[in-house]
Amino acid sequence: MSSSVKIMDAIIDKGVLALIIFTPLAFGTVQKWSVSLFEIGAFLLLALLLLKQLIATQPSAASELSTRTARTLKIICLLFAGLVMLQLLPLPPPLLKIISPVSHLLHTDLGGAATDAWRTISVSPYATRQDLLLLFSYAAIFTVIVMHYHTKEQIGRLVTAILVMGGLLVIIALLQKAFWNGRIYGIFPVDYYLINDNRIWGPYLNRNHFAGYLELAIPLGLGMLLYVAPSSHSLPGTPLGIRITRLLENPVMPKAATWFLLLLVMTAGLFASMSRGGIMACVISFTLFVLITRKRRSLKSRSLLLITVAMVLSTVVVFASWERLEDRFEELDTGHVGRLNVWIDSVGIVRDFPLLGSGLGTFETVYRRYQSKETRSIYDHAHNDYVEQITDTGLAGLLLAISAVLIFFTTLYRRWRRLHGMYTKCFGAGGLCSCCAVGVHSFSDFNLHIPANALLFTIIAALTYAILFNLSEESGVMGERLGATLLTPHSSRLTVFTGILLLVPLLYQPVTGLIADRRYAAIATILDDKKTEELDVVTLLPETAPAYLAALQAALSAHSLEPSRPLYSWTTAEIATRLGRWTDAMEMLKIPLPPGMPSRDQSFGIALEQLRKMIAAEPTSSDAHLALADLQENWRKDSGATVSSLTRAIKASPYNATIRLAVARNHLAAERTGDALEQVRLLAKMDDSYLLSESPRKAATLERRPSWYINYLYKSNLYAALELSWRITRDPLVVKGLVPEHPEAKNVLQAFVDAKGFE
């Protein structure tokens, strides 16, 4: 092997390890900058592997699926990628109307597209493009591991890194909780609702995703423990005490004890997170591990170890936190009500986008149009990966995804049943059960939409494949070999070179996105008043106006790099609108504007253009429609266009009482009192913001009506509706007629009556 190939091998090894370390520590890799860095790393590693294929004097060892299985998997993967690309392909209106009539409706009716404009199936092409890029990144890492990892030493280093990382995350979480100052790593502030949380979540922003990482690592740790632990070769009938003594005297016990301690730390961390889905997934995967290993004769001698591990874990971890666990699982009746509502509302998405879905990664965008409960809450995911799969890619995408998973893991399990080497049996079982754990948790959460966890799942699946098929010397029978997804050792140089060239546009996307995100992040720094540690935006004054102008330029610069990202359009429009209002006041007072400052019309013109771009990119954004209505009302003085935008805002979120409240206020400000009163009546019927969630103290709260509960009612949409109705009519009968026949709604009315002082 040439020195250059050795160097490339070392870089690939270190690169994969770097991603394993970086992705969970970077808050689970959910922010734009960390996602871009991960994607760049994944594509560079694949490019390096392909380059090694070009210069290697001898091909690497083969690892090929049986011809039929390989062909089937490749076809399924290509069909799925083709489906997503079809979602991104602009289609002529007649064809789009046939394939996805609701997509056509959203683009034309809400998005403002011309009737003859070509539009995509995806209701948010940017979101679909980003998720597709992530899928390509996972595929790149899968290919690297399958093609590169062929020895026990390589695989052992990777498994060790995963397990050590899991233990490190728990230690970080415990230290963070012990010295909690409201910031992750003691530096980065979190949302207010996390500050007083008594559970642990480490560098993640969600305890369920912290648990998701651990539930993937723990079964792999069981495989490691089973492999390094000594066997019990005592004769049948030997007392249990003697058998345990012999195990403890074995020279390999210190190493086994170390891995057991690490496994105990990870399990304790998972239970301390109080993630019900994570705990159930861990229990199921552990049970499955015991069941499948007990079926292998050579592993039965180690059954004592599994029994001991189960007893210790259940005693130390479960009973130590039994009361808290009991409380958490008693909340199942109420704690999953929100998720159940999401799943029920998602049926509407499936009904409107049955075959091809609304677009990969578009759940947050499209769901707001179907959300009928808890409309003040923002659901960026369905809290069920299977539900989100069918909403995003339709029945076709769900069937393709499930088919690929079943074929792949069924093939792995069958291979595992045929192999006899201890290494492959132990680690193969661990890898299969790890993947099973995340599959179980996916019924109640979205770990596969968290890049750090999705990457770990990809790595473990690929490692399991490499263990079972690349380490073929452990099997007495060579049999048929499973195969790499993209390459074989006999790939032509032209094919490999073509693959490297195809990576160039893939690399361009995250690099551009990273630069744009840095420019966007500069806006917060520019506008921060620097008076406190928190982000407080500086007041717009003549002396601070240049800072706003610099922020506007930064937003426009970020938008120029990624013009399809709605966030950049929204931020640009916000800054331009604020500048426009300020310059309007300055011009009315006849105060000269600072040099270089755009005029009122120029600022509002920029805002109008950016809002229209955002609406075209994300038609279901009610906030954008409301902001556009405000501009049309107060700048253009176009009542007809204003009413049209307000109507679109309602169509984008028809069940959202908060949106209807904003529309009612807009109508009232423009003295369209009839329209305002109609929206008030409708929102009073659909609002649920005054309802208390079920809890043991709910009945006492409703009866005693403490001050905090009254303040809670004051903040509800229903109370605001009563306030608007009173301003419009000054008629107590009209106000009372708005209130639904619900005990808690009557409390809102009583609070309003008490505040206004009428009977």
# chains A, B, ... in the order shown; residues from 1 in each chain; ligands from 1
call {"tool": "residues_around", "arguments": {"residues": "Pro24 (chain A)", "least_positions_apart": "4", "cutoff": "8 Å", "atoms": "only C-alpha atoms", "output": "PyMOL selection string"}}
result
chain A and resi 20+28-29+203-204+452-453
call {"tool": "select_by_dssp", "arguments": {"residues": "region 589-704 of chain A", "states": "helix (DSSP H, G or I)", "output": "number ranges by chain"}}
result
A: 600-617, 622-636, 639-652, 657-669, 673-686, 698-704
call {"tool": "atom_distance", "arguments": {"atom1": "CA of Ile407 (chain A)", "atom2": "CA of Ser444 (chain A)"}}
result
23.6 Å
call {"tool": "residues_around", "arguments": {"residues": "Leu263 (chain A)", "least_positions_apart": "3", "cutoff": "9 Å", "atoms": "only C-alpha atoms", "output": "PyMOL selection string"}}
result
chain A and resi 163+167+217-218+221-222+225+258-260+266-268
call {"tool": "closest_residue", "arguments": {"among": "A:Ser599, A:Thr393, A:Arg415, A:Val342", "to": "Asp380 (chain A)", "atoms": "only C-alpha atoms"}}
result
A:Val342
call {"tool": "closest_residue", "arguments": {"among": "A:Ala755, A:Val680, A:Leu567, A:Ala585", "to": "Leu738 (chain A)", "atoms": "only C-alpha atoms"}}
result
A:Val680
call {"tool": "residues_around", "arguments": {"residues": "Arg600 (chain A)", "least_positions_apart": "4", "cutoff": "10 Å", "atoms": "only C-alpha atoms", "output": "list in words"}}
result
Ala576, Thr577, Arg578, Leu579, Gly580, Arg581, Trp582, Thr583, Asp584, Ala585, Met586, Glu587, Phe604, Gly605 and Trp635 of chain A
call {"tool": "closest_residue", "arguments": {"among": "A:Phe27, A:Tyr185, A:Trp570, A:Phe38", "to": "Leu514 (chain A)", "atoms": "only C-alpha atoms"}}
result
A:Phe38
call {"tool": "residues_around", "arguments": {"residues": "Val35 (chain A)", "least_positions_apart": "3", "cutoff": "12 Å", "atoms": "only C-alpha atoms", "output": "number ranges by chain"}}
result
A: 19, 22-24, 26-32, 38-42, 130-131, 133-135, 137-138, 449-452, 454-455, 509-511, 513-514, 517
call {"tool": "write_last_selection", "arguments": {"atoms": "C-alpha atoms", "output": "PDB file, in the first residue's frame"}}
result
ATOM      1  CA  LEU A  19     -18.047  13.646  13.105  1.00  0.00           C
ATOM      2  CA  PHE A  22     -18.715  16.935  16.807  1.00  0.00           C
ATOM      3  CA  THR A  23     -22.360  16.212  15.977  1.00  0.00           C
ATOM      4  CA  PRO A  24     -23.754  15.543  19.489  1.00  0.00           C
ATOM      5  CA  ALA A  26     -22.894  20.833  18.606  1.00  0.00           C
ATOM      6  CA  PHE A  27     -26.342  20.791  20.285  1.00  0.00           C
ATOM      7  CA  GLY A  28     -27.289  17.699  18.277  1.00  0.00           C
ATOM      8  CA  THR A  29     -26.373  19.476  15.005  1.00  0.00           C
ATOM      9  CA  VAL A  30     -29.743  21.182  14.590  1.00  0.00           C
ATOM     10  CA  GLN A  31     -28.490  24.653  13.731  1.00  0.00           C
ATOM     11  CA  LYS A  32     -27.620  25.770  10.227  1.00  0.00           C
ATOM     12  CA  PHE A  38     -21.429  18.097   9.000  1.00  0.00           C
ATOM     13  CA  GLU A  39     -22.492  17.979   5.350  1.00  0.00           C
ATOM     14  CA  ILE A  40     -19.160  19.398   4.205  1.00  0.00           C
ATOM     15  CA  GLY A  41     -17.322  16.801   6.280  1.00  0.00           C
ATOM     16  CA  ALA A  42     -19.447  13.925   4.952  1.00  0.00           C
ATOM     17  CA  GLN A 130     -32.133  20.866   2.637  1.00  0.00           C
ATOM     18  CA  ASP A 131     -33.522  17.522   3.778  1.00  0.00           C
ATOM     19  CA  LEU A 133     -28.946  17.217   1.094  1.00  0.00           C
ATOM     20  CA  LEU A 134     -28.952  15.666   4.559  1.00  0.00           C
ATOM     21  CA  LEU A 135     -30.026  12.314   3.104  1.00  0.00           C
ATOM     22  CA  SER A 137     -24.811  13.234   3.572  1.00  0.00           C
ATOM     23  CA  TYR A 138     -25.983  10.145   5.451  1.00  0.00           C
ATOM     24  CA  HIS A 449     -34.775  14.238  12.124  1.00  0.00           C
ATOM     25  CA  ILE A 450     -31.986  15.206  14.543  1.00  0.00           C
ATOM     26  CA  PRO A 451     -28.783  15.014  12.454  1.00  0.00           C
ATOM     27  CA  ALA A 452     -26.533  13.832  15.312  1.00  0.00           C
ATOM     28  CA  ALA A 454     -29.612  10.173  12.424  1.00  0.00           C
ATOM     29  CA  LEU A 455     -25.858  10.092  11.747  1.00  0.00           C
ATOM     30  CA  GLN A 509     -24.668  23.908  -1.237  1.00  0.00           C
ATOM     31  CA  PRO A 510     -23.491  23.587   2.405  1.00  0.00           C
ATOM     32  CA  VAL A 511     -20.499  25.864   1.833  1.00  0.00           C
ATOM     33  CA  GLY A 513     -25.268  27.951   3.268  1.00  0.00           C
ATOM     34  CA  LEU A 514     -22.533  28.243   5.904  1.00  0.00           C
ATOM     35  CA  ASP A 517     -25.611  31.767   7.892  1.00  0.00           C
TER      36      ASP A 517
END
call {"tool": "residues_around", "arguments": {"residues": "Ala256 (chain A)", "least_positions_apart": "3", "cutoff": "9 Å", "atoms": "only C-alpha atoms", "output": "PyMOL selection string"}}
result
chain A and resi 224-230+252-253+259-261
call {"tool": "write_last_selection", "arguments": {"atoms": "N, CA and C atoms", "output": "PDB file, in the first residue's frame"}}
result
ATOM      1  N   MET A 224     -20.448  -5.113  23.125  1.00  0.00           N
ATOM      2  CA  MET A 224     -19.057  -5.034  23.575  1.00  0.00           C
ATOM      3  C   MET A 224     -18.868  -5.813  24.873  1.00  0.00           C
ATOM      4  N   LEU A 225     -19.789  -5.628  25.825  1.00  0.00           N
ATOM      5  CA  LEU A 225     -19.685  -6.320  27.109  1.00  0.00           C
ATOM      6  C   LEU A 225     -19.770  -7.827  26.932  1.00  0.00           C
ATOM      7  N   LEU A 226     -20.671  -8.263  26.082  1.00  0.00           N
ATOM      8  CA  LEU A 226     -20.824  -9.700  25.850  1.00  0.00           C
ATOM      9  C   LEU A 226     -19.572 -10.289  25.203  1.00  0.00           C
ATOM     10  N   TYR A 227     -18.908  -9.487  24.369  1.00  0.00           N
ATOM     11  CA  TYR A 227     -17.713  -9.986  23.669  1.00  0.00           C
ATOM     12  C   TYR A 227     -16.508 -10.089  24.597  1.00  0.00           C
ATOM     13  N   VAL A 228     -16.292  -9.079  25.437  1.00  0.00           N
ATOM     14  CA  VAL A 228     -15.075  -9.063  26.269  1.00  0.00           C
ATOM     15  C   VAL A 228     -15.247  -9.854  27.552  1.00  0.00           C
ATOM     16  N   ALA A 229     -16.493 -10.144  27.949  1.00  0.00           N
ATOM     17  CA  ALA A 229     -16.723 -10.818  29.225  1.00  0.00           C
ATOM     18  C   ALA A 229     -16.325 -12.283  29.135  1.00  0.00           C
ATOM     19  N   PRO A 230     -15.878 -12.853  30.240  1.00  0.00           N
ATOM     20  CA  PRO A 230     -15.505 -14.272  30.248  1.00  0.00           C
ATOM     21  C   PRO A 230     -16.742 -15.159  30.204  1.00  0.00           C
ATOM     22  N   VAL A 252      -9.828 -11.274  32.550  1.00  0.00           N
ATOM     23  CA  VAL A 252     -10.432 -10.272  31.656  1.00  0.00           C
ATOM     24  C   VAL A 252     -11.531  -9.480  32.360  1.00  0.00           C
ATOM     25  N   MET A 253     -11.798  -9.797  33.625  1.00  0.00           N
ATOM     26  CA  MET A 253     -12.887  -9.122  34.319  1.00  0.00           C
ATOM     27  C   MET A 253     -12.680  -7.615  34.474  1.00  0.00           C
ATOM     28  N   TRP A 259     -16.280  -1.720  30.878  1.00  0.00           N
ATOM     29  CA  TRP A 259     -17.373  -1.535  29.916  1.00  0.00           C
ATOM     30  C   TRP A 259     -18.732  -1.602  30.616  1.00  0.00           C
ATOM     31  N   PHE A 260     -18.834  -2.447  31.640  1.00  0.00           N
ATOM     32  CA  PHE A 260     -20.087  -2.509  32.382  1.00  0.00           C
ATOM     33  C   PHE A 260     -20.365  -1.178  33.086  1.00  0.00           C
ATOM     34  N   LEU A 261     -19.334  -0.583  33.660  1.00  0.00           N
ATOM     35  CA  LEU A 261     -19.501   0.706  34.332  1.00  0.00           C
ATOM     36  C   LEU A 261     -19.959   1.769  33.346  1.00  0.00           C
TER      37      LEU A 261
END
call {"tool": "closest_residue", "arguments": {"among": "A:Thr108, A:Ser653, A:Ser358, A:Thr375", "to": "Leu395 (chain A)", "atoms": "only C-alpha atoms"}}
result
A:Ser358
call {"tool": "closest_residue", "arguments": {"among": "A:Cys426, A:Ala113, A:Arg705, A:Val440", "to": "Arg276 (chain A)", "atoms": "only C-alpha atoms"}}
result
A:Val440
call {"tool": "residues_around", "arguments": {"residues": "Gly212 (chain A)", "least_positions_apart": "5", "cutoff": "9 Å", "atoms": "only C-alpha atoms", "output": "PyMOL selection string"}}
result
chain A and resi 207+217+270+275+277-278+281+437-438+441+447+453
call {"tool": "write_last_selection", "arguments": {"atoms": "C-alpha atoms", "output": "PDB file, in the first residue's frame"}}
result
ATOM      1  CA  ARG A 207     -34.138  15.433  26.659  1.00  0.00           C
ATOM      2  CA  ALA A 217     -25.272   3.433  22.072  1.00  0.00           C
ATOM      3  CA  LEU A 270     -31.091   7.709  29.871  1.00  0.00           C
ATOM      4  CA  SER A 275     -37.830  10.313  28.383  1.00  0.00           C
ATOM      5  CA  GLY A 277     -40.079   6.900  24.687  1.00  0.00           C
ATOM      6  CA  GLY A 278     -36.353   6.518  25.276  1.00  0.00           C
ATOM      7  CA  ALA A 281     -37.063   1.808  23.511  1.00  0.00           C
ATOM      8  CA  ALA A 437     -34.348   0.942  19.617  1.00  0.00           C
ATOM      9  CA  VAL A 438     -34.551   4.045  17.458  1.00  0.00           C
ATOM     10  CA  HIS A 441     -38.731   5.487  19.750  1.00  0.00           C
ATOM     11  CA  ASN A 447     -34.893  11.333  16.544  1.00  0.00           C
ATOM     12  CA  ASN A 453     -28.853  10.914  16.080  1.00  0.00           C
TER      13      ASN A 453
END
